[in-house]
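*Asks:* I'd like to ask some things about the structure below.
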Amino acid sequence: MAQEMQLSVVAPDRSVVDEPVQSVIIPGAAGYFGVLKGHVPLIAALKAGLVEYIDSGNQRHYVSISGGFAEISPSKINILADAAERSQDIDVTRAEKALENARKALRGEISGVNSVEATAELERAMTRLKAAKSASDGR
């Protein structure tokens with residue numbers, strides 16, 4: 001049995017995950033990285049992406065985040081996310097609508113949104129849809 005560590009994912013409005021886990025894959029600003037118990041202490045900036053973790057029952061879970069920071073110690077991972085949702089909580093219809101709106105904004109069909117904002121919204125929407133799909137596929 002793998003050694004466990006505590007994973008905490010917190011968004012500004014709520015705690016999203018707080019449970020023991022075996023391993024975690026995190027979307028760092030410089031690329032995805034994995035964490036196991038005993039990891040060296042680290043503080044990392046995060047980009048929009050999927051936090052993937054395996055719980056103590058060997059089940060895989062996904063959390064969509066839209067950036068933030070991770071504080072890692074040998075036995076605990078704290079993720080302070082700008083926004084976070086468990087894959088099973090994502091409203092796919094709403095995420096698809098956000099994706100379409102972001103694409104329209106990038107094409108210049110929506111005024112008042114610059115390309116940087118539209119690109120960030122596109123990335124968030126795609127990440128949310130990927131998380132929802134990963135959960136439904138059982139990956």
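Convention: chains lettered A, B, ... in structure tokens order; per-chain residue numbering from 1; ligands numbered from 1 as shown.
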Excluding same-chain residues fewer than 5 positions from segment 88-105 of chain A, what lies within 9 Å of it counting only C-alpha atoms, as a ChimeraX atom specification?
*Replies:* /A:62-64,110-115,117-126,128-129,131-133,135-136
*Asks:* Please identify all polymer residues within 9 Å of Ile25 of chain A, counting only C-alpha atoms, omitting same-chain residues fewer than 6 positions from it, and present them as a list in words.
*Replies:*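 Contacts, with the query itself left out: Tyr32, Phe33, Gly34, Val35, Leu50, Val51, Glu52 and Tyr53 of chain A.
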*Asks:* To one decimal in Å, tell me the separation between atom CA of Asp13 of chain A and atom CA of Asn58 of chain A.
*Replies:*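 Value for the atom CA of Asp13 of chain A-atom CA of Asn58 of chain A distance: 28.4 Å.
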*Asks:* Using only C-alpha atoms, which of A:Asn78, A:Ser23, A:Ser87, A:Ser66 sits nearest Ser134 of chain A?
*Replies:* A:Ser87
*Asks:* My list of candidates is A:Gly108, A:Gly28, A:Pro20, A:Gly38. Which is closest to Gly68 of chain A when distances are computed with only C-alpha atoms?
*Replies:* A:Gly28
*Asks:* Hey, which of A:His39, A:Lys130, A:Arg60, A:Lys47 ends up closest to Ala83 of chain A? Count only C-alpha atoms.
*Replies:*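 Smallest separation from Ala83 of chain A among the options: A:Lys47.
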*Asks:* Where does DSSP see helix (DSSP H, G or I) in chain A, if you list the residues as a PyMOL selection string?
*Replies:* chain A and resi 87-89+92-106+115-137
*Asks:* Would you please work out which residue, of A:Leu42, A:Ile65, A:Met5, A:Ile54, is nearest to Arg86 of chain A when using only C-alpha atoms?
*Replies:*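 Smallest separation from Arg86 of chain A among the options: A:Ile65.
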*Asks:* Rank A:Gln22, A:Thr127, A:Gln59, A:Ser15 by their smallest atom-to-atom distance to Leu36 of chain A, using only C-alpha atoms, and report the top residue only.
*Replies:*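 The shortest atom-to-atom distance to Leu36 of chain A comes from A:Gln22.
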